[in-house]
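Dumped start_15.cif below, it's mmCIF, C-alpha atoms:
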data_data
#
loop_
_atom_site.label_atom_id
_atom_site.label_comp_id
_atom_site.auth_asym_id
_atom_site.auth_seq_id
_atom_site.Cartn_x
_atom_site.Cartn_y
_atom_site.Cartn_z
CA MET A 2 162.90 32.84 65.81
CA PHE A 3 165.50 30.32 64.74
CA PHE A 4 163.83 28.25 61.98
CA SER A 5 161.31 28.98 59.25
CA VAL A 6 160.12 25.72 57.68
CA ILE A 7 159.08 26.24 54.05
CA ILE A 8 156.76 23.64 52.49
CA PRO A 9 155.43 23.91 48.92
CA VAL A 10 152.24 21.88 48.37
CA PHE A 11 150.48 20.87 45.18
CA ASN A 12 147.23 18.87 45.48
CA ARG A 13 148.51 16.84 48.44
CA PRO A 14 146.60 17.82 51.59
CA SER A 15 146.99 14.36 53.17
CA GLU A 16 150.77 14.62 52.85
CA ALA A 17 150.68 18.10 54.35
CA PHE A 18 148.74 16.72 57.32
CA GLU A 19 151.33 14.01 58.05
CA LEU A 20 154.24 16.44 57.75
CA LEU A 21 152.59 19.05 59.97
CA ALA A 22 151.77 16.35 62.50
CA SER A 23 155.44 15.37 62.67
CA LEU A 24 156.42 19.03 63.03
CA SER A 25 154.01 19.42 65.94
CA HIS A 26 155.98 16.74 67.81
CA GLN A 27 159.42 18.30 67.39
CA SER A 28 161.50 18.47 70.57
CA PHE A 29 162.84 21.87 69.43
CA LYS A 30 160.03 24.44 69.39
CA ASP A 31 161.51 27.75 68.16
CA PHE A 32 160.21 27.64 64.60
CA GLU A 33 157.39 28.68 62.30
CA VAL A 34 155.87 26.81 59.37
CA ILE A 35 155.07 28.43 56.02
CA LEU A 36 152.81 26.35 53.78
CA VAL A 37 152.72 27.61 50.18
CA GLU A 38 149.89 26.18 48.07
CA ASP A 39 151.14 26.26 44.48
CA GLY A 40 147.91 26.57 42.50
CA SER A 41 146.29 23.43 43.90
CA VAL A 42 142.68 22.46 43.24
CA ASN A 43 142.67 20.09 46.22
CA LYS A 44 143.81 22.60 48.81
CA ALA A 45 145.44 22.16 52.22
CA ASP A 46 144.10 25.35 53.81
CA GLN A 47 141.84 23.51 56.26
CA ILE A 48 144.71 21.18 57.15
CA ALA A 49 146.86 24.19 57.99
CA SER A 50 144.04 25.71 60.08
CA SER A 51 143.67 22.51 62.10
CA PHE A 52 147.24 22.90 63.40
CA GLN A 53 146.93 26.55 64.47
CA SER A 54 146.70 25.55 68.14
CA THR A 55 149.86 23.43 68.09
CA LEU A 56 152.05 25.14 65.49
CA SER A 57 152.94 28.63 64.35
CA VAL A 58 151.77 27.95 60.80
CA ARG A 59 150.99 30.44 58.04
CA TYR A 60 149.20 29.41 54.86
CA PHE A 61 149.59 31.13 51.48
CA PHE A 62 148.08 30.44 48.06
CA GLN A 63 149.67 31.40 44.73
CA GLU A 64 148.86 30.57 41.14
CA ASN A 65 150.82 27.56 39.93
CA GLN A 66 154.45 28.52 39.25
CA GLY A 67 156.40 25.39 40.23
CA GLN A 68 157.94 24.26 43.48
CA GLY A 69 161.12 26.34 43.16
CA PHE A 70 159.20 29.61 42.93
CA ALA A 71 156.80 28.50 45.66
CA ARG A 72 159.82 28.06 47.93
CA ASN A 73 161.05 31.54 46.96
CA PHE A 74 157.68 32.99 47.94
CA GLY A 75 157.86 31.18 51.27
CA MET A 76 161.34 32.50 51.99
CA ASP A 77 160.18 36.03 51.19
CA GLN A 78 157.56 35.65 53.94
CA ALA A 79 159.86 33.95 56.46
CA LYS A 80 160.72 35.48 59.84
CA GLY A 81 163.34 32.97 60.99
CA ASP A 82 167.13 33.19 60.90
CA PHE A 83 167.49 29.89 59.06
CA PHE A 84 165.17 28.52 56.37
CA VAL A 85 164.45 24.78 56.21
CA ILE A 86 162.97 23.57 52.93
CA LEU A 87 161.00 20.32 52.84
CA ASP A 88 158.93 18.49 50.26
CA SER A 89 155.38 17.69 51.35
CA ASP A 90 155.92 13.91 51.13
CA VAL A 91 158.36 13.69 54.04
CA ILE A 92 157.88 12.96 57.74
CA LEU A 93 160.31 14.18 60.40
CA PRO A 94 161.77 12.32 63.37
CA GLU A 95 161.05 14.16 66.62
CA SER A 96 164.68 15.21 67.04
CA TYR A 97 165.10 16.54 63.47
CA LEU A 98 165.18 20.29 64.21
CA SER A 99 167.18 19.79 67.40
CA VAL A 100 169.84 17.79 65.55
CA LEU A 101 169.89 20.33 62.75
CA LYS A 102 170.32 23.33 65.05
CA SER A 103 173.20 21.63 66.87
CA ALA A 104 174.98 20.92 63.55
CA ILE A 105 174.45 24.47 62.25
CA LEU A 106 175.92 26.05 65.38
CA SER A 107 178.77 23.59 66.02
CA ARG A 108 179.88 23.40 62.38
CA LYS A 109 179.09 27.05 61.55
CA LEU A 110 176.99 26.09 58.54
CA ASP A 111 175.49 28.59 56.14
CA ALA A 112 173.47 25.89 54.42
CA PHE A 113 172.84 22.17 54.73
CA GLY A 114 171.48 19.12 52.96
CA GLY A 115 170.09 16.03 54.65
CA PRO A 116 169.49 12.43 53.51
CA ASP A 117 166.25 10.49 53.27
CA ALA A 118 165.25 7.15 54.76
CA ALA A 119 162.29 4.77 55.03
CA ALA A 120 160.31 4.43 58.25
CA SER A 121 159.54 0.99 59.65
CA ASP A 122 155.83 1.29 58.76
CA PHE A 123 156.45 2.09 55.07
CA SER A 124 155.21 -0.41 52.49
CA ASP A 125 157.61 -2.96 51.01
CA LEU A 126 157.63 -1.07 47.70
CA GLN A 127 158.36 2.23 49.46
CA LYS A 128 161.28 0.59 51.25
CA ALA A 129 162.55 -0.84 47.96
CA MET A 130 162.34 2.59 46.31
CA ASP A 131 164.17 4.07 49.29
CA PHE A 132 166.92 1.49 48.78
CA ALA A 133 167.21 2.33 45.09
CA MET A 134 167.54 6.03 45.91
CA THR A 135 170.03 5.68 48.79
CA SER A 136 172.15 2.59 48.18
CA PHE A 137 175.85 2.41 47.35
CA TRP A 138 174.90 -0.09 44.61
CA THR A 139 172.87 2.50 42.71
CA THR A 140 173.43 6.27 42.83
CA GLY A 141 172.71 6.51 46.55
CA GLY A 142 176.18 7.69 47.53
CA ILE A 143 175.47 11.14 46.14
CA ARG A 144 172.25 11.43 48.17
CA GLY A 145 173.68 11.30 51.67
CA LYS A 146 176.49 8.75 52.09
CA LEU A 147 179.55 10.80 51.21
CA LYS A 148 182.78 10.53 53.17
CA ASP A 149 183.33 14.28 52.76
CA PRO A 150 180.14 16.14 53.85
CA SER A 151 181.32 19.34 52.13
CA LYS A 152 180.98 17.71 48.69
CA TYR A 153 177.27 17.12 49.12
CA GLN A 154 174.79 18.75 46.77
CA ALA A 155 171.63 19.45 48.75
CA ARG A 156 168.25 18.29 47.45
CA GLY A 157 164.96 20.13 47.79
CA PHE A 158 163.22 17.42 49.79
CA ASN A 159 165.51 18.22 52.76
CA MET A 160 167.75 21.27 52.65
CA GLY A 161 168.08 24.75 54.06
CA VAL A 162 169.99 28.03 54.12
CA SER A 163 170.57 30.94 56.45
CA ARG A 164 168.71 34.17 55.85
CA ALA A 165 172.08 35.70 54.92
CA VAL A 166 172.50 33.22 52.06
CA PHE A 167 169.05 33.97 50.64
CA GLU A 168 169.54 37.72 50.89
CA SER A 169 172.96 37.47 49.25
CA ILE A 170 172.33 35.20 46.23
CA GLY A 171 168.56 34.97 46.03
CA GLY A 172 166.52 31.81 45.70
CA PHE A 173 165.77 29.32 42.96
CA VAL A 174 166.12 30.45 39.34
CA ASP A 175 164.12 27.56 37.91
CA PRO A 176 160.70 26.30 39.06
CA ASN A 177 161.79 22.65 38.73
CA GLN A 178 164.19 20.50 36.66
CA GLY A 179 167.07 20.24 39.13
CA GLU A 180 166.51 23.68 40.63
CA ASP A 181 167.73 22.46 44.02
CA ILE A 182 171.04 21.18 42.63
CA GLU A 183 171.60 24.45 40.74
CA TRP A 184 170.98 26.42 43.94
CA SER A 185 173.31 24.14 45.90
CA ILE A 186 176.13 24.71 43.40
CA ARG A 187 175.51 28.47 43.38
CA ILE A 188 175.62 28.62 47.18
CA LYS A 189 179.05 26.99 47.23
CA LYS A 190 180.37 29.18 44.42
CA ALA A 191 179.38 32.23 46.48
CA GLY A 192 181.71 31.03 49.24
CA PHE A 193 179.11 29.83 51.73
CA THR A 194 179.56 26.65 53.76
CA LEU A 195 177.10 23.95 52.68
CA GLU A 196 177.53 20.46 54.10
CA LEU A 197 175.65 17.23 54.57
CA VAL A 198 174.14 16.76 58.02
CA GLU A 199 173.74 12.99 57.95
CA ASP A 200 171.77 12.78 61.20
CA ALA A 201 169.19 15.30 59.94
CA PHE A 202 167.37 12.68 57.89
CA VAL A 203 163.73 12.63 56.88
CA TYR A 204 161.40 9.75 56.15
CA HIS A 205 160.62 10.18 52.47
CA LYS A 206 157.16 8.73 51.97
CA ARG A 207 157.17 8.17 48.22
CA LYS A 208 153.82 6.99 46.90
CA ASN A 209 155.05 6.05 43.46
CA THR A 210 154.07 3.09 41.35
CA LEU A 211 156.93 1.45 39.49
CA LEU A 212 155.88 3.33 36.36
CA SER A 213 155.86 6.73 38.07
CA PHE A 214 159.14 5.84 39.80
CA ALA A 215 160.66 5.15 36.37
CA LYS A 216 159.34 8.49 35.07
CA GLN A 217 160.81 10.23 38.12
CA ALA A 218 164.21 8.60 37.56
CA PHE A 219 164.08 9.62 33.89
CA SER A 220 163.34 13.22 34.88
CA PHE A 221 166.25 13.19 37.36
CA GLY A 222 168.61 12.31 34.51
CA ARG A 223 167.15 15.09 32.36
CA ASN A 224 167.40 17.53 35.26
CA ARG A 225 171.14 16.99 35.59
CA VAL A 226 171.57 18.21 32.01
CA ASN A 227 169.29 21.17 32.71
CA VAL A 228 171.53 22.16 35.64
CA SER A 229 174.51 22.15 33.27
CA ARG A 230 172.92 25.12 31.44
CA PHE A 231 173.84 27.19 34.48
CA HIS A 232 176.90 25.22 35.60
CA PRO A 233 178.65 23.32 32.76
CA GLU A 234 180.74 21.38 35.27
CA ALA A 235 177.59 19.91 36.88
CA ILE A 236 177.80 16.67 34.87
CA LYS A 237 180.64 14.54 36.20
CA LEU A 238 181.72 10.98 35.47
CA VAL A 239 179.64 9.63 38.35
CA HIS A 240 176.48 10.96 36.72
CA TRP A 241 177.22 8.95 33.57
CA LEU A 242 177.47 5.65 35.46
CA PRO A 243 173.74 4.86 35.13
CA THR A 244 174.05 5.42 31.38
CA PHE A 245 177.02 3.04 31.22
CA PHE A 246 174.93 0.52 33.16
CA LEU A 247 172.08 0.91 30.65
CA PHE A 248 174.45 0.38 27.71
CA PHE A 249 175.87 -2.66 29.51
CA LEU A 250 172.38 -4.20 29.65
CA PHE A 251 171.85 -3.42 25.96
CA SER A 252 175.15 -5.15 25.15
CA ILE A 253 173.93 -8.33 26.82
CA VAL A 254 170.74 -8.34 24.78
CA LEU A 255 172.61 -7.61 21.53
CA ASN A 256 175.11 -10.37 22.21
CA ILE A 257 172.32 -12.90 22.66
CA LEU A 258 169.99 -11.78 19.85
CA VAL A 259 172.34 -10.36 17.20
CA VAL A 260 175.86 -11.65 17.72
CA ASN A 261 174.51 -15.05 18.76
CA TYR A 262 177.00 -15.15 21.59
CA PHE A 263 175.95 -16.11 25.11
CA PRO A 264 177.65 -13.50 27.35
CA ILE A 265 178.48 -15.61 30.39
CA PHE A 266 181.02 -13.09 31.69
CA HIS A 267 178.62 -10.16 31.33
CA LEU A 268 175.78 -12.06 32.96
CA GLY A 269 178.14 -13.02 35.75
CA ILE A 270 178.85 -9.35 36.44
CA LEU A 271 175.14 -8.50 36.34
CA GLY A 272 174.30 -11.46 38.57
CA THR A 273 176.93 -10.46 41.11
CA TRP A 274 175.61 -6.90 41.23
CA GLY A 275 172.03 -8.16 41.53
CA GLY A 276 172.99 -10.53 44.32
CA LEU A 277 174.71 -7.76 46.25
CA VAL A 278 171.66 -5.53 45.84
CA MET A 279 169.31 -8.22 47.14
CA VAL A 280 171.54 -9.19 50.07
CA SER A 281 172.11 -5.55 51.07
CA ALA A 282 168.40 -4.68 50.91
CA THR A 283 167.39 -7.87 52.72
CA GLN A 284 169.80 -7.13 55.54
CA LYS A 285 168.80 -3.48 55.77
CA TYR A 286 165.04 -4.06 55.92
CA LYS A 287 165.04 -7.60 57.35
CA SER A 288 162.87 -8.84 54.48
CA ILE A 289 163.70 -11.11 51.55
CA TRP A 290 160.72 -9.74 49.63
CA VAL A 291 162.01 -6.18 50.00
CA GLY A 292 165.34 -7.51 48.73
CA VAL A 293 163.64 -8.85 45.60
CA LEU A 294 161.71 -5.63 45.06
CA SER A 295 164.90 -3.62 45.60
CA LEU A 296 166.55 -5.42 42.68
CA LEU A 297 163.63 -4.34 40.49
CA THR A 298 163.58 -0.73 41.73
CA SER A 299 167.36 -0.46 41.41
CA LEU A 300 167.18 -1.58 37.78
CA VAL A 301 164.38 0.93 37.15
CA GLN A 302 166.24 3.76 38.89
CA LEU A 303 169.55 3.25 37.09
CA CYS A 304 168.03 2.68 33.66
CA GLY A 305 165.58 5.56 34.01
CA TYR A 306 168.26 8.03 35.13
CA GLY A 307 170.71 6.87 32.47
CA ALA A 308 168.13 7.13 29.69
CA GLY A 309 167.00 10.56 30.87
CA LEU A 310 170.52 11.96 30.88
CA VAL A 311 171.25 10.65 27.35
CA PHE A 312 167.89 11.90 26.05
CA GLU A 313 168.33 15.43 27.38
CA ARG A 314 172.01 15.59 26.41
CA PHE A 315 171.14 14.56 22.84
CA LYS A 316 168.27 17.05 22.76
CA LYS A 317 170.60 19.80 23.95
CA ALA A 318 173.18 18.87 21.26
CA LEU A 319 170.53 19.11 18.52
CA LYS A 320 169.66 22.63 19.65
CA GLY A 321 173.31 23.55 19.34
#
Could you render the structure as structure tokens?
Amino acid sequence: MFFSVIIPVFNRPSEAFELLASLSHQSFKDFEVILVEDGSVNKADQIASSFQSTLSVRYFFQENQGQGFARNFGMDQAKGDFFVILDSDVILPESYLSVLKSAILSRKLDAFGGPDAAASDFSDLQKAMDFAMTSFWTTGGIRGKLKDPSKYQARGFNMGVSRAVFESIGGFVDPNQGEDIEWSIRIKKAGFTLELVEDAFVYHKRKNTLLSFAKQAFSFGRNRVNVSRFHPEAIKLVHWLPTFFLFFLFSIVLNILVVNYFPIFHLGILGTWGGLVMVSATQKYKSIWVGVLSLLTSLVQLCGYGAGLVFERFKKALKG
């Protein structure tokens, strides 16, 4: 068996159904699916059973330990030569596994990371959140738009490793809080080849409200600091850019309210950035309204991430 697809699930049976449905339509068929229920109350066991006739799917339940450890459990049960790890809120194009296998064999990959995208039937807000998470004008370049695929740090919503990698270095050492980034760094340090496979994208069906999206962005900033506990070099200049952006916004407010100086130059820079965001999103999704929403989600994403990184870094400094 070539692939074992590992999916941790927590109280999201409807998401599991959509993901399993997309797996049942894959053009490449040599794979199994391992669904690991991580202490859910609203279980997906019946969903898994409903696909027994179309998929080789195995369902497991464990007490809640976090998604990283649920993935480890799934990999322990896996029979395939290559493990593909997916979040439950993604949907796969029909050619996903076929594209991935071709890249693994032709590029001799030990591990991979793939980008995310928005499907045409996603809501306007989902498309705007997708823009904020993938655009050059936010932090999207580090999520799947790198010129050098070997510099990519894989993310848990769409990544995978060979059995040899798992048996050599083990799985995730943290149940959450940037556990995927830590694993990605550790894989490369062990000398394995991990690269971005840009064509192996998934449709990431985020169901966030703006408030939950802001909380998620805040946690992403905190997670980067958590990863630095294991790998001090994990925080680079690029990860501070959202914080600089946040301070830039604060400087505009202070200039107007405290210094009593109207910052035309600063507002010009902000306006130019905002215009580029709206134009880029409008062109990408063919919708002016999505362009407007993308400006809002981009502000939320950058400010949330920047605040989270500062908060956790300050908290870490206090602990010594």
Fill in: Resolved residues for the PyMOL selection byres ((chain A and resi 166) around 12) as a PyMOL selection string
chain A and resi 76+82-84+110-113+161-165+167-173+184-185+187-195
Worksheet item: What do you get, as a list in words, if you spell out every residue that the PyMOL selection byres ((chain A and resi 282) around 7) selects here?
Response: Phe132, Val278, Met279, Val280, Ser281, Thr283, Gln284, Lys285, Tyr286, Val291, Gly292 and Ser295 of chain A
Fill in: Test item: the PyMOL selection byres ((chain A and resi 159) around 8) resolved as a ChimeraX atom specification
/A:85-88,114-117,155-158,160-161,202-203
Would you mind exporting C-alpha atoms of the selected residues as a JSON list (two decimals), in the frame of the given file?
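Result went into selection26.json, see below:
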[["chain", "number", "residue", "atom", "x", "y", "z"],
["A", 85, "VAL", "CA", 164.45, 24.78, 56.21],
["A", 86, "ILE", "CA", 162.97, 23.57, 52.93],
["A", 87, "LEU", "CA", 161.00, 20.32, 52.84],
["A", 88, "ASP", "CA", 158.93, 18.49, 50.26],
["A", 114, "GLY", "CA", 171.48, 19.12, 52.96],
["A", 115, "GLY", "CA", 170.09, 16.03, 54.65],
["A", 116, "PRO", "CA", 169.49, 12.43, 53.51],
["A", 117, "ASP", "CA", 166.25, 10.49, 53.27],
["A", 155, "ALA", "CA", 171.63, 19.45, 48.75],
["A", 156, "ARG", "CA", 168.25, 18.29, 47.45],
["A", 157, "GLY", "CA", 164.96, 20.13, 47.79],
["A", 158, "PHE", "CA", 163.22, 17.42, 49.79],
["A", 160, "MET", "CA", 167.75, 21.27, 52.65],
["A", 161, "GLY", "CA", 168.08, 24.75, 54.06],
["A", 202, "PHE", "CA", 167.37, 12.68, 57.89],
["A", 203, "VAL", "CA", 163.73, 12.63, 56.88]]
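Take the candidates A:Phe245, A:Phe123, A:Phe11, A:Tyr60 and check each one against Ile92 of chain A using all atoms listed in the file; the shortest distance goes to A:Phe123.
Around Leu310 of chain A, within 9 Å and counting all atoms listed in the file, the residues found are Phe219, Ser220, Phe221, Gly222, Arg223, Asn224, Arg225, Val226, His240, Trp241, Pro243 and Thr244 of chain A, once anything fewer than 6 positions away on its own chain is removed.
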Discussion item. I'd like the neighbourhood of Ala49 of chain A as an MDAnalysis selection string, where a residue qualifies if any of its atoms comes within 10 Å (using all atoms listed in the file), though same-chain residues fewer than 5 positions away should be ignored.
Written reply: chainID A and resid 14 17:18 21 34:36 44 56:61
Could the residues in this selection be saved with C-alpha atoms as a CSV table (one decimal), in the coordinates of the input?
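result07.csv written:
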chain,number,residue,atom,x,y,z
A,14,PRO,CA,146.6,17.8,51.6
A,17,ALA,CA,150.7,18.1,54.4
A,18,PHE,CA,148.7,16.7,57.3
A,21,LEU,CA,152.6,19.0,60.0
A,34,VAL,CA,155.9,26.8,59.4
A,35,ILE,CA,155.1,28.4,56.0
A,36,LEU,CA,152.8,26.4,53.8
A,44,LYS,CA,143.8,22.6,48.8
A,56,LEU,CA,152.0,25.1,65.5
A,57,SER,CA,152.9,28.6,64.4
A,58,VAL,CA,151.8,28.0,60.8
A,59,ARG,CA,151.0,30.4,58.0
A,60,TYR,CA,149.2,29.4,54.9
A,61,PHE,CA,149.6,31.1,51.5
Item to complete: Rounded to one decimal place, report the atom CA of Ala215 of chain A-atom CA of Asp131 of chain A distance in Å.
Response: 13.4 Å
Worksheet item: What does the distance from atom CA of Gly75 of chain A to atom CA of Ile7 of chain A come to in Å, to one decimal?
Response: 5.8 Å
Worksheet item: Mind listing as number ranges by chain all residues within 7 Å of (159.8, 24.6, 43.7), counting only C-alpha atoms?
Response: A: 9, 67-72, 176-177
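Counting all atoms listed in the file and comparing A:Leu24, A:Leu212, A:Leu250, A:Ile8, the residue that lies closest to Met130 of chain A is A:Leu212.
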Worksheet item: Residues at most 10 Å from Gly40 of chain A, counting only C-alpha atoms, excluding those fewer than 6 positions away in the same chain, as a PyMOL selection string?
Response: chain A and resi 10-12+62-67+71
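Atom to atom, atom CA of Asp39 of chain A and atom CA of Ser213 of chain A stand 21.1 Å apart.
Candidate residues A:Ile105, A:Glu95, A:Gly81, A:Asn73 were compared for distance to Gln27 of chain A, and the nearest is A:Glu95, using all atoms listed in the file.
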Fill in: Who sits within 12 Å of Phe266 of chain A, all atoms listed in the file, same chain under 6 positions skipped, as a list in words
Phe249, Ser252, Ile253, Asn256, Gly272 and Thr273 of chain A
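Minimum atom-to-atom distances from A:Ser103, A:Ser41, A:Ser15, A:Thr139 to Leu297 of chain A were compared using all atoms listed in the file, and the lowest value belongs to A:Thr139.
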Where is the centre and how long are the edges: axis-aligned box on segment 163-174 of chain A, 4 Å on each side, Å to one decimal, as lines of an AutoDock Vina configuration file:
center_x = 169.4
center_y = 33.5
center_z = 47.9
size_x = 15.2
size_y = 16.4
size_z = 25.1
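When all atoms listed in the file are used to measure the gap to Leu300 of chain A, the shortest distance among A:Phe246, A:Val91, A:Pro233, A:Ala118 belongs to A:Phe246.
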Fill in: Shortest interatomic distance to Leu277 of chain A - which of A:Leu319, A:Ile289, A:Leu211, A:Leu296, counting all atoms listed in the file
A:Leu296
